[in-house]
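Since the structure comes first, as structure tokens, the remarks are kept for the end.
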Amino acid sequence: MTDAAASGFDPVTIGLVSVSDRASSGVYADQGIPALQDWLARALKNPVTWVTRLIPDEQDHISATLRELVDEARCDLVLTTGGTGPAPRDVTPEATLAVAHKEMPGFGEQMRQISLRFVPTAILSRQVAVIRGKALIINLPGQPKAIAETLQGLPDANPPAHGIFAAVPYCIDLIGGPYLETDETVCKAFRPKSAVRAPRPGGG
């Protein structure tokens, strides 16, 4: 982290929320947060402060957690995993929309397009993405493999499929957040040429 900050990369605060009744009660180990953190740590060059939450499938609790991460912990990006299917206890999208200032429907649309390459039941996924203040909140799938596929895309597929994370840095630029730099071997961020800048000495 010190090396990254010294080289001029903006610090970023990222919230990771795993929504699961059974994992939050200790029935089994949570896999969502480790999968998210592993991929993001490889993809981002920025120094990251992680804020993690493992919570049950309770709509009010999920909404309160998202508000806390954005309004109090000042997260620039919040990623959730789990609770996006059609089952009665799957309420993450509703909880996310309840705290939204703006919807960003393209993220959910692209995640479903990627997952449809593998299983027809991808149309049952209800992931949404929203903006709250200066933070981007995205619902991701629950399985580690699907998390990586939707974030990174399918560059070797025919035809290739863009991952959603390629658009995240520019989205955060537009809402006033830090300038995110990615490792292009993991994920190449896309920005218009006019929005690209060199790292600034000392970060920030």
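Simple scheme: letters A, B, ... for chains in structure tokens order, numbers from 1 for residues in each chain, numbers from 1 for ligands in the order shown.
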message = If we count only C-alpha atoms and set the cut-off at 8 Å, which residues sit around Asp21 in chain A, ignoring sequence neighbours fewer than 3 positions away in its own chain? Please answer as a PyMOL selection string.
response = chain A and resi 24-25+55-57
Residues just named, written with N, CA and C atoms as an mmCIF file, in the first residue's frame:
data_model
loop_
_atom_site.group_PDB
_atom_site.id
_atom_site.type_symbol
_atom_site.label_atom_id
_atom_site.label_comp_id
_atom_site.auth_asym_id
_atom_site.auth_seq_id
_atom_site.Cartn_x
_atom_site.Cartn_y
_atom_site.Cartn_z
ATOM 1 N N SER A 24 -23.787 -16.169 7.515
ATOM 2 C CA SER A 24 -23.737 -15.196 8.619
ATOM 3 C C SER A 24 -24.035 -15.841 9.964
ATOM 4 N N SER A 25 -24.702 -17.001 9.948
ATOM 5 C CA SER A 25 -24.987 -17.700 11.202
ATOM 6 C C SER A 25 -23.964 -18.788 11.501
ATOM 7 N N ILE A 55 -23.748 -10.492 6.461
ATOM 8 C CA ILE A 55 -25.052 -10.224 7.058
ATOM 9 C C ILE A 55 -26.114 -11.186 6.521
ATOM 10 N N PRO A 56 -27.230 -11.354 7.246
ATOM 11 C CA PRO A 56 -28.309 -12.237 6.798
ATOM 12 C C PRO A 56 -29.179 -11.577 5.729
ATOM 13 N N ASP A 57 -30.037 -12.397 5.135
ATOM 14 C CA ASP A 57 -30.953 -11.927 4.080
ATOM 15 C C ASP A 57 -32.147 -11.196 4.692
#
Contacts between range 172-192 of chain A and range 35-106 of chain A, please, where a residue of range 35-106 of chain A counts if it comes within 6 Å (with only C-alpha atoms); show its shortest atom pair and distance in Å to one decimal, rows by chain and ascending number, as a Markdown table.
| residue | atom | partner | partner_atom | distance |
| --- | --- | --- | --- | --- |
| A:Ala43 | CA | A:Asp183 | CA | 5.2 |
| A:Leu44 | CA | A:Thr182 | CA | 4.5 |
| A:Lys45 | CA | A:Glu181 | CA | 5.5 |
Selection to disk with all heavy atoms, as a PDB file, in the first residue's frame:
ATOM      1  N   ALA A  43      -6.768  -6.830  -9.460  1.00  0.00           N
ATOM      2  CA  ALA A  43      -7.160  -5.939 -10.548  1.00  0.00           C
ATOM      3  C   ALA A  43      -6.741  -4.488 -10.321  1.00  0.00           C
ATOM      4  O   ALA A  43      -6.430  -3.775 -11.276  1.00  0.00           O
ATOM      5  CB  ALA A  43      -8.672  -6.004 -10.751  1.00  0.00           C
ATOM      6  N   LEU A  44      -6.730  -4.044  -9.069  1.00  0.00           N
ATOM      7  CA  LEU A  44      -6.492  -2.629  -8.780  1.00  0.00           C
ATOM      8  C   LEU A  44      -5.048  -2.343  -8.378  1.00  0.00           C
ATOM      9  O   LEU A  44      -4.450  -3.098  -7.612  1.00  0.00           O
ATOM     10  CB  LEU A  44      -7.417  -2.156  -7.660  1.00  0.00           C
ATOM     11  CG  LEU A  44      -8.890  -1.970  -8.025  1.00  0.00           C
ATOM     12  CD1 LEU A  44      -9.710  -1.707  -6.771  1.00  0.00           C
ATOM     13  CD2 LEU A  44      -9.069  -0.827  -9.026  1.00  0.00           C
ATOM     14  N   LYS A  45      -4.508  -1.242  -8.858  1.00  0.00           N
ATOM     15  CA  LYS A  45      -3.196  -0.782  -8.442  1.00  0.00           C
ATOM     16  C   LYS A  45      -3.286   0.182  -7.258  1.00  0.00           C
ATOM     17  O   LYS A  45      -2.287   0.449  -6.593  1.00  0.00           O
ATOM     18  CB  LYS A  45      -2.495  -0.077  -9.605  1.00  0.00           C
ATOM     19  CG  LYS A  45      -2.152  -0.993 -10.770  1.00  0.00           C
ATOM     20  CD  LYS A  45      -1.431  -0.210 -11.855  1.00  0.00           C
ATOM     21  CE  LYS A  45      -1.016  -1.104 -13.004  1.00  0.00           C
ATOM     22  NZ  LYS A  45      -0.304  -0.332 -14.059  1.00  0.00           N
TER      23      LYS A  45
END
query = range 157-161 of chain A: which residues within 12 Å, counting only C-alpha atoms, same-chain residues fewer than 5 positions away excluded, as a PyMOL selection string?
reply = chain A and resi 110-118+149-152+166
ask   = Hey, what's within 8 Å of Pro105 in chain A if we count only C-alpha atoms and toss same-chain stuff fewer than 3 positions away? As a list in words, please?
value = Gly108, Glu109, Val128, Ala129 and Val130 of chain A
inquiry  = Give me the residues near Leu124 in chain A as a VMD selection string, where near means some atom within 9 Å (using only C-alpha atoms) and where sequence neighbours in that chain fewer than 2 positions away do not count.
reply    = chain A and resid 84 to 86 112 120 to 122 126
Hey, can you spit out that residue selection with C-alpha atoms as a tab-separated table (two decimals), in the first residue's frame?
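File produced: out11.tsv:
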chain	number	residue	atom	x	y	z
A	84	THR	CA	-30.26	-11.82	-6.01
A	85	GLY	CA	-32.39	-14.77	-7.14
A	86	PRO	CA	-36.17	-15.25	-7.18
A	112	ARG	CA	-26.79	-11.61	-17.12
A	120	PRO	CA	-29.99	-20.59	-19.13
A	121	THR	CA	-31.01	-19.90	-15.53
A	122	ALA	CA	-28.93	-16.68	-15.63
A	126	ARG	CA	-31.81	-9.90	-10.52
inquiry  = So the first atom is CA of Pro141 in chain A and the second is CA of Ser125 in chain A; what is the distance between them in Å, to one decimal place?
reply    = 7.8 Å
What are the DSSP strand (DSSP E or B) residues of range 4-165 of chain A, as a PDB file with N, CA and C atoms, in the first residue's frame?
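Heads up, here's the output in result.pdb:
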ATOM      1  N   VAL A  12      -8.459   4.301  -2.225  1.00  0.00           N
ATOM      2  CA  VAL A  12      -9.876   4.013  -2.432  1.00  0.00           C
ATOM      3  C   VAL A  12     -10.391   3.172  -1.266  1.00  0.00           C
ATOM      4  N   THR A  13     -11.619   3.429  -0.863  1.00  0.00           N
ATOM      5  CA  THR A  13     -12.262   2.634   0.183  1.00  0.00           C
ATOM      6  C   THR A  13     -13.359   1.797  -0.466  1.00  0.00           C
ATOM      7  N   ILE A  14     -13.269   0.490  -0.271  1.00  0.00           N
ATOM      8  CA  ILE A  14     -14.201  -0.436  -0.918  1.00  0.00           C
ATOM      9  C   ILE A  14     -14.944  -1.243   0.134  1.00  0.00           C
ATOM     10  N   GLY A  15     -16.258  -1.244   0.045  1.00  0.00           N
ATOM     11  CA  GLY A  15     -17.088  -2.055   0.926  1.00  0.00           C
ATOM     12  C   GLY A  15     -17.463  -3.364   0.254  1.00  0.00           C
ATOM     13  N   LEU A  16     -17.322  -4.454   0.973  1.00  0.00           N
ATOM     14  CA  LEU A  16     -17.679  -5.782   0.474  1.00  0.00           C
ATOM     15  C   LEU A  16     -18.724  -6.373   1.407  1.00  0.00           C
ATOM     16  N   VAL A  17     -19.882  -6.729   0.848  1.00  0.00           N
ATOM     17  CA  VAL A  17     -20.995  -7.222   1.653  1.00  0.00           C
ATOM     18  C   VAL A  17     -21.422  -8.589   1.136  1.00  0.00           C
ATOM     19  N   SER A  18     -21.345  -9.589   1.990  1.00  0.00           N
ATOM     20  CA  SER A  18     -21.851 -10.916   1.649  1.00  0.00           C
ATOM     21  C   SER A  18     -23.186 -11.119   2.353  1.00  0.00           C
ATOM     22  N   VAL A  19     -24.219 -11.394   1.568  1.00  0.00           N
ATOM     23  CA  VAL A  19     -25.576 -11.544   2.094  1.00  0.00           C
ATOM     24  C   VAL A  19     -25.941 -13.023   2.096  1.00  0.00           C
ATOM     25  N   LEU A  44      -6.730  -4.044  -9.069  1.00  0.00           N
ATOM     26  CA  LEU A  44      -6.492  -2.629  -8.780  1.00  0.00           C
ATOM     27  C   LEU A  44      -5.048  -2.343  -8.378  1.00  0.00           C
ATOM     28  N   VAL A  48      -5.947   0.157  -1.198  1.00  0.00           N
ATOM     29  CA  VAL A  48      -7.354  -0.073  -0.855  1.00  0.00           C
ATOM     30  C   VAL A  48      -7.534  -0.227   0.650  1.00  0.00           C
ATOM     31  N   THR A  49      -8.545   0.455   1.180  1.00  0.00           N
ATOM     32  CA  THR A  49      -9.034   0.193   2.532  1.00  0.00           C
ATOM     33  C   THR A  49     -10.296  -0.643   2.381  1.00  0.00           C
ATOM     34  N   TRP A  50     -10.301  -1.832   2.978  1.00  0.00           N
ATOM     35  CA  TRP A  50     -11.429  -2.749   2.860  1.00  0.00           C
ATOM     36  C   TRP A  50     -12.357  -2.592   4.056  1.00  0.00           C
ATOM     37  N   VAL A  51     -13.639  -2.568   3.791  1.00  0.00           N
ATOM     38  CA  VAL A  51     -14.648  -2.578   4.851  1.00  0.00           C
ATOM     39  C   VAL A  51     -15.605  -3.721   4.530  1.00  0.00           C
ATOM     40  N   THR A  52     -15.621  -4.759   5.349  1.00  0.00           N
ATOM     41  CA  THR A  52     -16.383  -5.965   5.024  1.00  0.00           C
ATOM     42  C   THR A  52     -17.539  -6.184   5.998  1.00  0.00           C
ATOM     43  N   ARG A  53     -18.622  -6.752   5.474  1.00  0.00           N
ATOM     44  CA  ARG A  53     -19.796  -7.066   6.279  1.00  0.00           C
ATOM     45  C   ARG A  53     -20.373  -8.399   5.821  1.00  0.00           C
ATOM     46  N   LEU A  54     -20.646  -9.293   6.760  1.00  0.00           N
ATOM     47  CA  LEU A  54     -21.312 -10.568   6.499  1.00  0.00           C
ATOM     48  C   LEU A  54     -22.646 -10.529   7.225  1.00  0.00           C
ATOM     49  N   ILE A  55     -23.748 -10.492   6.461  1.00  0.00           N
ATOM     50  CA  ILE A  55     -25.052 -10.224   7.058  1.00  0.00           C
ATOM     51  C   ILE A  55     -26.114 -11.186   6.521  1.00  0.00           C
ATOM     52  N   LEU A  77     -16.800   2.543  -3.512  1.00  0.00           N
ATOM     53  CA  LEU A  77     -17.378   1.428  -4.252  1.00  0.00           C
ATOM     54  C   LEU A  77     -17.851   0.393  -3.249  1.00  0.00           C
ATOM     55  N   VAL A  78     -19.060  -0.124  -3.439  1.00  0.00           N
ATOM     56  CA  VAL A  78     -19.584  -1.183  -2.581  1.00  0.00           C
ATOM     57  C   VAL A  78     -20.052  -2.321  -3.473  1.00  0.00           C
ATOM     58  N   LEU A  79     -19.537  -3.510  -3.212  1.00  0.00           N
ATOM     59  CA  LEU A  79     -19.942  -4.695  -3.963  1.00  0.00           C
ATOM     60  C   LEU A  79     -20.626  -5.674  -3.019  1.00  0.00           C
ATOM     61  N   THR A  80     -21.804  -6.141  -3.422  1.00  0.00           N
ATOM     62  CA  THR A  80     -22.501  -7.155  -2.634  1.00  0.00           C
ATOM     63  C   THR A  80     -22.474  -8.468  -3.386  1.00  0.00           C
ATOM     64  N   THR A  81     -22.606  -9.555  -2.655  1.00  0.00           N
ATOM     65  CA  THR A  81     -22.713 -10.864  -3.268  1.00  0.00           C
ATOM     66  C   THR A  81     -23.786 -11.656  -2.532  1.00  0.00           C
ATOM     67  N   LYS A 102     -29.617   7.015  -7.981  1.00  0.00           N
ATOM     68  CA  LYS A 102     -29.756   6.750  -9.412  1.00  0.00           C
ATOM     69  C   LYS A 102     -29.581   5.255  -9.652  1.00  0.00           C
ATOM     70  N   GLU A 103     -30.310   4.725 -10.625  1.00  0.00           N
ATOM     71  CA  GLU A 103     -30.095   3.349 -11.076  1.00  0.00           C
ATOM     72  C   GLU A 103     -29.105   3.331 -12.235  1.00  0.00           C
ATOM     73  N   ALA A 129     -27.435  -2.276 -10.035  1.00  0.00           N
ATOM     74  CA  ALA A 129     -26.365  -1.365  -9.632  1.00  0.00           C
ATOM     75  C   ALA A 129     -26.971   0.020  -9.480  1.00  0.00           C
ATOM     76  N   VAL A 130     -26.488   0.751  -8.488  1.00  0.00           N
ATOM     77  CA  VAL A 130     -27.040   2.080  -8.212  1.00  0.00           C
ATOM     78  C   VAL A 130     -25.924   3.024  -7.783  1.00  0.00           C
ATOM     79  N   ILE A 131     -26.245   4.310  -7.827  1.00  0.00           N
ATOM     80  CA  ILE A 131     -25.375   5.336  -7.266  1.00  0.00           C
ATOM     81  C   ILE A 131     -26.052   5.916  -6.039  1.00  0.00           C
ATOM     82  N   ARG A 132     -25.276   6.018  -4.973  1.00  0.00           N
ATOM     83  CA  ARG A 132     -25.731   6.723  -3.777  1.00  0.00           C
ATOM     84  C   ARG A 132     -24.665   7.755  -3.452  1.00  0.00           C
ATOM     85  N   ALA A 135     -20.873   7.257  -4.411  1.00  0.00           N
ATOM     86  CA  ALA A 135     -20.480   5.849  -4.370  1.00  0.00           C
ATOM     87  C   ALA A 135     -21.280   5.043  -5.381  1.00  0.00           C
ATOM     88  N   LEU A 136     -20.635   4.038  -5.935  1.00  0.00           N
ATOM     89  CA  LEU A 136     -21.274   3.079  -6.823  1.00  0.00           C
ATOM     90  C   LEU A 136     -21.488   1.779  -6.047  1.00  0.00           C
ATOM     91  N   ILE A 137     -22.707   1.270  -6.080  1.00  0.00           N
ATOM     92  CA  ILE A 137     -23.060   0.016  -5.404  1.00  0.00           C
ATOM     93  C   ILE A 137     -23.489  -0.984  -6.467  1.00  0.00           C
ATOM     94  N   ILE A 138     -22.876  -2.171  -6.468  1.00  0.00           N
ATOM     95  CA  ILE A 138     -23.195  -3.190  -7.467  1.00  0.00           C
ATOM     96  C   ILE A 138     -23.497  -4.512  -6.774  1.00  0.00           C
ATOM     97  N   ASN A 139     -24.610  -5.142  -7.146  1.00  0.00           N
ATOM     98  CA  ASN A 139     -24.909  -6.505  -6.704  1.00  0.00           C
ATOM     99  C   ASN A 139     -24.219  -7.485  -7.638  1.00  0.00           C
ATOM    100  N   LEU A 140     -23.497  -8.443  -7.075  1.00  0.00           N
ATOM    101  CA  LEU A 140     -22.821  -9.474  -7.868  1.00  0.00           C
ATOM    102  C   LEU A 140     -23.421 -10.842  -7.560  1.00  0.00           C
ATOM    103  N   GLY A 153     -15.062 -10.473 -17.275  1.00  0.00           N
ATOM    104  CA  GLY A 153     -15.544 -10.761 -18.615  1.00  0.00           C
ATOM    105  C   GLY A 153     -14.954 -12.050 -19.148  1.00  0.00           C
ATOM    106  N   LEU A 154     -15.177 -12.271 -20.434  1.00  0.00           N
ATOM    107  CA  LEU A 154     -14.716 -13.501 -21.094  1.00  0.00           C
ATOM    108  C   LEU A 154     -13.884 -13.104 -22.316  1.00  0.00           C
ATOM    109  N   ALA A 161     -16.658 -11.265 -24.332  1.00  0.00           N
ATOM    110  CA  ALA A 161     -17.678 -10.517 -23.595  1.00  0.00           C
ATOM    111  C   ALA A 161     -16.979  -9.576 -22.625  1.00  0.00           C
ATOM    112  N   HIS A 162     -17.373  -8.306 -22.640  1.00  0.00           N
ATOM    113  CA  HIS A 162     -16.786  -7.339 -21.720  1.00  0.00           C
ATOM    114  C   HIS A 162     -17.251  -7.602 -20.296  1.00  0.00           C
TER     115      HIS A 162
END
remark   = The distance between CA of Ile62 in chain A and CA of Leu40 in chain A is 21.8 Å
task = Could you please determine the separation between CA of Pro169 in chain A and CA of Gly82 in chain A in Å, to one decimal place?
result = 23.0 Å
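In this comparison, which uses only C-alpha atoms, the residue of A:Asp76, A:Glu58, A:Asp30, A:Asp38 approaching Arg89 in chain A most closely is A:Glu58.
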query = Which residue out of A:Pro47, A:Arg22, A:Gly8, A:Lys134 has the minimum interatomic distance to Leu69 in chain A when only C-alpha atoms are used?
reply = A:Lys134
query = If you run DSSP on this backbone, which residues of range 16-106 of chain A come out as alpha helix (DSSP H), and could you give them as number ranges by chain?
reply = A: 21-24, 32-43, 59-67, 92-97, 105-106
Test item: residues at most 12 Å from Gln59 in chain A, only C-alpha atoms, excluding those fewer than 3 positions along its chain, as a VMD selection string = chain A and resid 19 to 21 55 to 56 62 to 66 83 to 84 88 to 99
